[in-house]
Amino acid sequence: MRNMIILLIAAAALAFPVSAEMSASEILKKIDLQESFRSNYAVMKQIITTSGGSKRTLEMKAWAVNNGDRQLSEYLSPPDVRGQKILMTDDGDNIWMYNAETRRTRKLGSSMKSKKVMGSDFTYEDQNMGNISTKYSAVLKGTENFGGAECYVLELKPLPNGPSYSKIVIWVGKTDFITRKIDFYEKGGTSPFKRLVMEDIRKAGSKNVPFKMTMRNLQENTETVTIITEIKYDINIPDSYFKSSALGR
Amino acid sequence: MRNKILEILIHFAVNRRKIIYLSTAVITVVMLIFSFFLKMDMRWTALLPQNLPIVKQFVNIDTNFLQPANMIIAVSGEDPVMLEKITDEITALLNRELVADDDMSMDEIKSTGRYARYIYGKLPEEWLERNALKLIKPYDTERIGNIFSDSSLAGYLRGLNDDFESEYTDAENVADQERQIVSSLNGLENFINLMNKSVHGEDVPEIMIVRSVRDLTTGNPYMLSLDSKMALIMVASAIPSDDAQTMILIDYRIEDILRPLQQKYPEYRIERTGMTAIGRDEMDSIGSYTAVLTFFTFVLIFIFLMWNYRSITIPLLNLLGITAGIIWTMGIIAITIGTLNLITSMMMIVLLGLGIDFTIHLSTRFQEEISRGNSIENALRVTIRETGKGVITGALTTSAAFYALMIADTPAIVQFGFCSGTGILLTLLSGMWLLPAFLASRIQSKLAKGKEVRKIKDLKSISVIAVFMNRHSGRVVAVSVILFILGIWGGSKIDWEWNFMNLEPEGLRSIGLMDEIVDRYKLSVTTSMLTVPGIEESRKLSSQFKAKNVVGDVNDISQYISRPDFDEALVHLKNLKVSARSDFKFSDPDNPDIRQQLAEETDRLWANLVEIQALSVTGGQDRIVEKISSLIGDRDTRDNSVMRKLADDLLNGNADWKNLKSFSDTFSHALNEKILRMTENLDPVKENDIPKDILAQFKSKKGDSYLIHILPKKNLYTRKDLESFQSVVSSVAKGVTGNPQLILKMNTETMREGGKAVLAAAIAIFFLLLVDFKRPLIALLTFLPLFGSISLTLGIMYIFKQKFNYINMIALPVILGIGIDDGVHLMHRYLEGGRESLEKSCESVGRAIFLTTVTTMLGFGCLMFYLMRGMASMGFVLFFGVGFCFLITITLLPALIKIFDKIIFRKK
């Protein structure tokens, strides 16, 4: 599931030299281009740390197609959630949840997009950022070094009917267009309430992918670390994987 | 100036002893009278800056609101029905024996022992029945309306399942509504168990079904734990919490009152906890032990001194000399500050340890001079002029070190600095004023009786060590530097003790019970509080606090008052009333359709619970997971769970349908009746409608503000927990206060100011050394053993896995204050004797500094055996700190003297 973010922020190659005069919208398009993919499959684990310091580890595998327009994740552990599946289609507008034990599928309301997924610090819409150039307007705020890479710093405000955040600020590599950091702002907030940091950027096939992502809720002192243990691109995934009626199979 | 004073002292000791005795007696009696007015203030707030907003707010709340969480009675046992019964009995008994009348004066309250204002055993059931539905959001009223619109058994289960499926769809929804889910699961668990009994042919008494209906509708009015094996009763005291001595009495009284009930119900545990009970248990466990320990310490020191002086009288005179000074100190503290706090209450031990050093130096030198054949007058002159100088320098540097602590902002440290600094000066004064006269009188009396004056044997071993170190100065310095570096490295690894309970005596039941409450309730009773001017503000903030995941629960007045949008809820309430009146029907389990419905709805309920449990596991809602587990087990034990078996038996037709019909009829009837009573009066609930004991929990005595109680999910024992909790509650509102905030502040202030205090003490000592010796190099050489002692003490703390805490942090400047004496005396004697006098100086001073070190180490060392772990840690630090000061003075200082003696004497 979380691989969707990775896929969206991952750069496909380093082969697009950019002039220093790029506009914010051009940078957004570059990001979208670099992060686009046809399909992928990933295995990952997610470590959720509560504000009290207790930790829970979830393991899952996930499939996605079409830049994450349709994605399915299945939980492997802990035992109490083994077999549970979450299906998102139509860019996150439709969400279904399947419980393997009760064999029931429930459709969640679209209001759930801004809710946390399975107690983590990621929301459904965080997992489905899609083409950001179609969801946000951007202003280039400057450049800054982050995580050892020279980055563009962009302030993104959602377009009408866009994501629920009041704005996000992203740090994007100037040469590889990989997103290194995102600060999330709530409505009325003057400082970020969540921060996503992408690290351990490595090659996966033809793409550069951050294998570790840390989402930290700065208000509640909680943290979710997603670590990819396996990822493959451009594989064939049957359409039936993304049908709610087939979740029980 | 100093010489003039010394001459005056000599004059009085030689010629005017009667004046000394008389003046001492008068001053001591006056100060003793003043010291009777000294009060003990053991509150946390007394240790923190009084102008801090959290302290002001805490004191304001403490004064203006009741604090029922300070005294808690926990009843635990297997049967929840019995827990309710015992709770009722305890409540009635305490109401009869302990609660004061409204018009009672404080004196009457104290004289009658009616120390309580209210007893909170359960919420008033009738009031809840009349008003519970009028206190919730319109949306929730609609949900309740849907759940209870059909009061038949199958209808109720259907309504419940519909609600679960529409509401609890995701981990975040489950998290947001954790309290509601836990509350409904409490009632559901009991209901399922009764239904299960009925399906399997057991008779279920009507009263149990009625009780179950109560729990499903208004909720259980008792403060029952999640596992229904513990009930809590809170006692709101009528005594202000700053009256610590009476507060302790309340706990004794409660114990007395409850003793017969404990005997009546031996299968159930009736125990006390809360800050008052912890305070009392602490006093009980250390009280008699402390007295024995102090007596033992005195005896040990006395025997040691007796052995040294070969005399009973000299140790007695030494102790008398400083006892006067300690009494003067208490008198001065009574006049100036008026109270002793948690830290300054240890003053007497510290002063005893420090003051005895002065008298030992004086009496040792006096005995030495007399042994050499000097006359009493000459012996007094030499003692006061020569040793007195060193004693005064030592005392002044020590008191300066303590006075330097007064630059801190924290009253705990400021008062400790003032009391210790003043105490040192007064014990110095009493020692210098009284002891020479005592010693002279004693010798005079001995000579008059023709008795022999025993000679004190030299302590050669110290000078032998010093000379050895002097000869191997290079190696000694090298080894010392390595050890100091290692010590500092170890010190940098020492953690801070954030769990205040770890400073208390081990194994206190009242503390253990606090942890047990967290286990059973999944929330801590260590509350944080906030006052607000209005009810709606209280409602708004309360809702925001509840949304935070570190918060276990929030109690405020708005829970008991209808919401401003009550009119929207009214529509749903009216509908519910109509449906209860008109649609009432018994479902007939004889009817196959109804049987099928019952089976399907039970199976559906099982599935819903499984899904909610899965969402709770991922969301970390442990309370829900635990509660649901009692019905459906976990993934591996599902098939054997009560719920699964019940659903399977109904689906397979293996049910006692006749019995179930009886259960169903009683349930439906009771539920219908209950709904009718709950919807009888649909006027909104206002402040005036709230029972006065509930109102008193939230409304200030002046009536101008309301209190919000915020309960953390767990006891906050680590820095991370404390800071997270504080950061989260502060993000909602400023001004939240309570024990978590005070503990956090207390620790951070002591950490910050403790370091500052050590530095200030060190600077003050160095400055005085500079003034005394007038040579920076000599001042530095004399100072170095202190630095070394601190670093080695840190090292030994690291090796023995000791942590810093707010008590032993105070010990570090104390080490500086005590330890400097050794170096000062040795250096003075060395400078007095000349370049080749190291051996002689060590022979002469060695005995005294050895004696002072051993007595101080004995005094502080005994603290290590204190049950109170905070005090024991202070004993540990002082024991090693003082010991290292001595060791370094007789090892490193002679080595340094060797290296620098040419410079010292060339310039001189």
# chains A, B, ... in the order shown; residues from 1 in each chain; ligands from 1
>>> closest_atom_pairs(of="chain A", to="chain B", cutoff="7 Å", atoms="only C-alpha atoms", output="tab-separated table")
residue	atom	partner	partner_atom	distance
A:Ser51	CA	B:Ser724	CA	6.2
A:Gly52	CA	B:Asp721	CA	5.3
A:Pro79	CA	B:Arg635	CA	6.7
A:Asp80	CA	B:Arg635	CA	5.6
A:Val81	CA	B:Ala614	CA	5.5
A:Asn99	CA	B:Glu611	CA	6.8
A:Thr102	CA	B:Ala607	CA	5.5
A:Leu108	CA	B:Thr169	CA	6.8
A:Lys115	CA	B:Glu172	CA	6.3
A:Lys116	CA	B:Glu172	CA	5.8
A:Val117	CA	B:Ala171	CA	6.9
A:Met118	CA	B:Thr618	CA	5.1
A:Gly119	CA	B:Gly619	CA	3.7
A:Gln219	CA	B:Val728	CA	6.4
A:Glu220	CA	B:Val728	CA	5.8
A:Asn221	CA	B:Ser724	CA	6.3
>>> write_last_selection(atoms="N, CA and C atoms", output="CSV table (one decimal), in the first residue's frame")
chain,number,residue,atom,x,y,z
A,51,SER,N,2.7,7.7,20.6
A,51,SER,CA,3.3,8.8,21.3
A,51,SER,C,3.9,8.3,22.6
A,52,GLY,N,3.4,7.2,23.1
A,52,GLY,CA,3.9,6.6,24.4
A,52,GLY,C,5.1,5.8,24.1
A,79,PRO,N,-1.1,-11.6,13.3
A,79,PRO,CA,-2.1,-12.5,13.0
A,79,PRO,C,-3.6,-12.0,13.0
A,80,ASP,N,-3.8,-11.0,13.9
A,80,ASP,CA,-5.2,-10.5,14.0
A,80,ASP,C,-5.7,-9.8,12.7
A,81,VAL,N,-4.7,-9.4,11.9
A,81,VAL,CA,-5.2,-8.7,10.6
A,81,VAL,C,-4.7,-9.4,9.4
A,99,ASN,N,-12.3,-8.2,5.2
A,99,ASN,CA,-11.8,-9.0,6.4
A,99,ASN,C,-11.8,-10.5,6.1
A,102,THR,N,-14.0,-12.8,8.5
A,102,THR,CA,-15.5,-12.7,8.4
A,102,THR,C,-15.9,-12.9,7.0
A,108,LEU,N,-16.0,1.9,2.0
A,108,LEU,CA,-15.9,3.0,2.9
A,108,LEU,C,-16.3,4.3,2.2
A,115,LYS,N,-8.7,10.0,6.3
A,115,LYS,CA,-8.5,9.3,7.5
A,115,LYS,C,-7.2,8.5,7.5
A,116,LYS,N,-6.7,8.1,8.7
A,116,LYS,CA,-5.5,7.3,8.8
A,116,LYS,C,-5.8,5.9,8.3
A,117,VAL,N,-4.8,5.3,7.7
A,117,VAL,CA,-4.9,3.9,7.3
A,117,VAL,C,-4.4,3.0,8.3
A,118,MET,N,-5.2,2.1,8.8
A,118,MET,CA,-4.9,1.0,9.8
A,118,MET,C,-4.0,1.6,10.9
A,119,GLY,N,-4.4,2.7,11.5
A,119,GLY,CA,-3.7,3.2,12.7
A,119,GLY,C,-2.3,3.8,12.4
A,219,GLN,N,2.5,16.9,15.9
A,219,GLN,CA,1.7,17.3,17.0
A,219,GLN,C,1.5,16.2,18.1
A,220,GLU,N,1.4,15.0,17.6
A,220,GLU,CA,1.0,13.9,18.5
A,220,GLU,C,2.2,13.0,18.8
A,221,ASN,N,3.4,13.4,18.2
A,221,ASN,CA,4.6,12.6,18.5
A,221,ASN,C,4.5,11.2,18.1
>>> residues_around(residues="segment 151-160 of chain A", least_positions_apart="6", cutoff="8 Å", atoms="only C-alpha atoms", output="number ranges by chain")
A: 24, 134-145, 166-174
>>> write_last_selection(atoms="N, CA and C atoms", output="mmCIF file, in the first residue's frame")
data_model
loop_
_atom_site.group_PDB
_atom_site.id
_atom_site.type_symbol
_atom_site.label_atom_id
_atom_site.label_comp_id
_atom_site.auth_asym_id
_atom_site.auth_seq_id
_atom_site.Cartn_x
_atom_site.Cartn_y
_atom_site.Cartn_z
ATOM 1 N N ALA A 24 7.833 26.516 -11.455
ATOM 2 C CA ALA A 24 7.278 25.549 -10.505
ATOM 3 C C ALA A 24 6.424 24.509 -11.216
ATOM 4 N N THR A 134 -1.869 17.747 -11.285
ATOM 5 C CA THR A 134 -3.309 17.909 -11.516
ATOM 6 C C THR A 134 -4.066 18.215 -10.226
ATOM 7 N N LYS A 135 -3.377 18.153 -9.085
ATOM 8 C CA LYS A 135 -4.061 18.351 -7.802
ATOM 9 C C LYS A 135 -3.625 19.604 -7.066
ATOM 10 N N TYR A 136 -2.458 20.116 -7.410
ATOM 11 C CA TYR A 136 -1.918 21.261 -6.670
ATOM 12 C C TYR A 136 -1.454 22.363 -7.622
ATOM 13 N N SER A 137 -1.493 23.585 -7.145
ATOM 14 C CA SER A 137 -0.786 24.676 -7.821
ATOM 15 C C SER A 137 0.496 24.907 -7.022
ATOM 16 N N ALA A 138 1.560 25.274 -7.718
ATOM 17 C CA ALA A 138 2.852 25.316 -7.021
ATOM 18 C C ALA A 138 3.533 26.673 -7.132
ATOM 19 N N VAL A 139 4.290 27.003 -6.114
ATOM 20 C CA VAL A 139 5.145 28.192 -6.127
ATOM 21 C C VAL A 139 6.535 27.731 -5.715
ATOM 22 N N LEU A 140 7.520 28.140 -6.508
ATOM 23 C CA LEU A 140 8.889 27.767 -6.170
ATOM 24 C C LEU A 140 9.404 28.718 -5.091
ATOM 25 N N LYS A 141 9.762 28.151 -3.941
ATOM 26 C CA LYS A 141 10.180 29.007 -2.819
ATOM 27 C C LYS A 141 11.699 29.188 -2.759
ATOM 28 N N GLY A 142 12.417 28.344 -3.494
ATOM 29 C CA GLY A 142 13.875 28.480 -3.475
ATOM 30 C C GLY A 142 14.539 27.127 -3.579
ATOM 31 N N THR A 143 15.807 27.092 -3.236
ATOM 32 C CA THR A 143 16.525 25.819 -3.245
ATOM 33 C C THR A 143 17.177 25.606 -1.887
ATOM 34 N N GLU A 144 17.400 24.365 -1.579
ATOM 35 C CA GLU A 144 17.944 24.038 -0.252
ATOM 36 C C GLU A 144 18.561 22.657 -0.331
ATOM 37 N N ASN A 145 19.598 22.438 0.463
ATOM 38 C CA ASN A 145 20.175 21.098 0.499
ATOM 39 C C ASN A 145 19.416 20.267 1.529
ATOM 40 N N SER A 166 -4.167 22.087 3.780
ATOM 41 C CA SER A 166 -4.233 23.490 3.358
ATOM 42 C C SER A 166 -3.078 23.794 2.406
ATOM 43 N N LYS A 167 -1.943 23.154 2.673
ATOM 44 C CA LYS A 167 -0.830 23.229 1.720
ATOM 45 C C LYS A 167 0.181 22.149 2.087
ATOM 46 N N ILE A 168 1.064 21.859 1.120
ATOM 47 C CA ILE A 168 2.210 21.015 1.442
ATOM 48 C C ILE A 168 3.450 21.701 0.885
ATOM 49 N N VAL A 169 4.566 21.468 1.560
ATOM 50 C CA VAL A 169 5.828 21.996 1.050
ATOM 51 C C VAL A 169 6.714 20.797 0.749
ATOM 52 N N ILE A 170 7.240 20.760 -0.487
ATOM 53 C CA ILE A 170 8.040 19.573 -0.851
ATOM 54 C C ILE A 170 9.469 19.969 -1.227
ATOM 55 N N TRP A 171 10.372 19.064 -0.900
ATOM 56 C CA TRP A 171 11.789 19.216 -1.259
ATOM 57 C C TRP A 171 12.065 18.166 -2.350
ATOM 58 N N VAL A 172 12.401 18.633 -3.550
ATOM 59 C CA VAL A 172 12.579 17.717 -4.685
ATOM 60 C C VAL A 172 13.996 17.866 -5.233
ATOM 61 N N GLY A 173 14.645 16.729 -5.446
ATOM 62 C CA GLY A 173 16.027 16.761 -5.968
ATOM 63 C C GLY A 173 16.101 17.529 -7.282
ATOM 64 N N LYS A 174 17.093 18.399 -7.399
ATOM 65 C CA LYS A 174 17.179 19.232 -8.601
ATOM 66 C C LYS A 174 17.562 18.416 -9.824
#
>>> residues_around(residues="Ile763 of chain B", least_positions_apart="4", cutoff="9 Å", atoms="only C-alpha atoms", output="PyMOL selection string")
chain B and resi 401+404+758-759+767-768
>>> residues_around(residues="segment 653-665 of chain B", least_positions_apart="3", cutoff="8 Å", atoms="only C-alpha atoms", output="PyMOL selection string")
chain B and resi 152-153+195+198-204+209+586-590+649-650+668-669
>>> residues_around(residues="Gly490 of chain B", least_positions_apart="2", cutoff="10 Å", atoms="only C-alpha atoms", output="PDB file with C-alpha atoms, in the first residue's frame")
ATOM      1  CA  PHE B 484      39.207  11.628  35.982  1.00  0.00           C
ATOM      2  CA  ILE B 485      38.670  11.395  32.237  1.00  0.00           C
ATOM      3  CA  LEU B 486      37.110   7.952  32.643  1.00  0.00           C
ATOM      4  CA  GLY B 487      34.894   9.330  35.416  1.00  0.00           C
ATOM      5  CA  ILE B 488      33.664  12.186  33.270  1.00  0.00           C
ATOM      6  CA  SER B 492      28.127  11.575  30.551  1.00  0.00           C
ATOM      7  CA  LYS B 493      26.396   8.199  30.233  1.00  0.00           C
ATOM      8  CA  ILE B 494      24.334   8.505  33.414  1.00  0.00           C
ATOM      9  CA  SER B 791      34.493  13.047  38.261  1.00  0.00           C
ATOM     10  CA  LEU B 792      35.294   9.855  40.195  1.00  0.00           C
ATOM     11  CA  THR B 793      31.877   9.985  41.867  1.00  0.00           C
ATOM     12  CA  LEU B 794      30.257  10.198  38.442  1.00  0.00           C
ATOM     13  CA  GLY B 795      32.329   7.226  37.373  1.00  0.00           C
ATOM     14  CA  ILE B 796      31.273   5.120  40.354  1.00  0.00           C
ATOM     15  CA  MET B 797      27.640   6.121  39.747  1.00  0.00           C
ATOM     16  CA  TYR B 798      27.971   4.857  36.198  1.00  0.00           C
ATOM     17  CA  ILE B 799      29.560   1.583  37.324  1.00  0.00           C
TER      18      ILE B 799
END
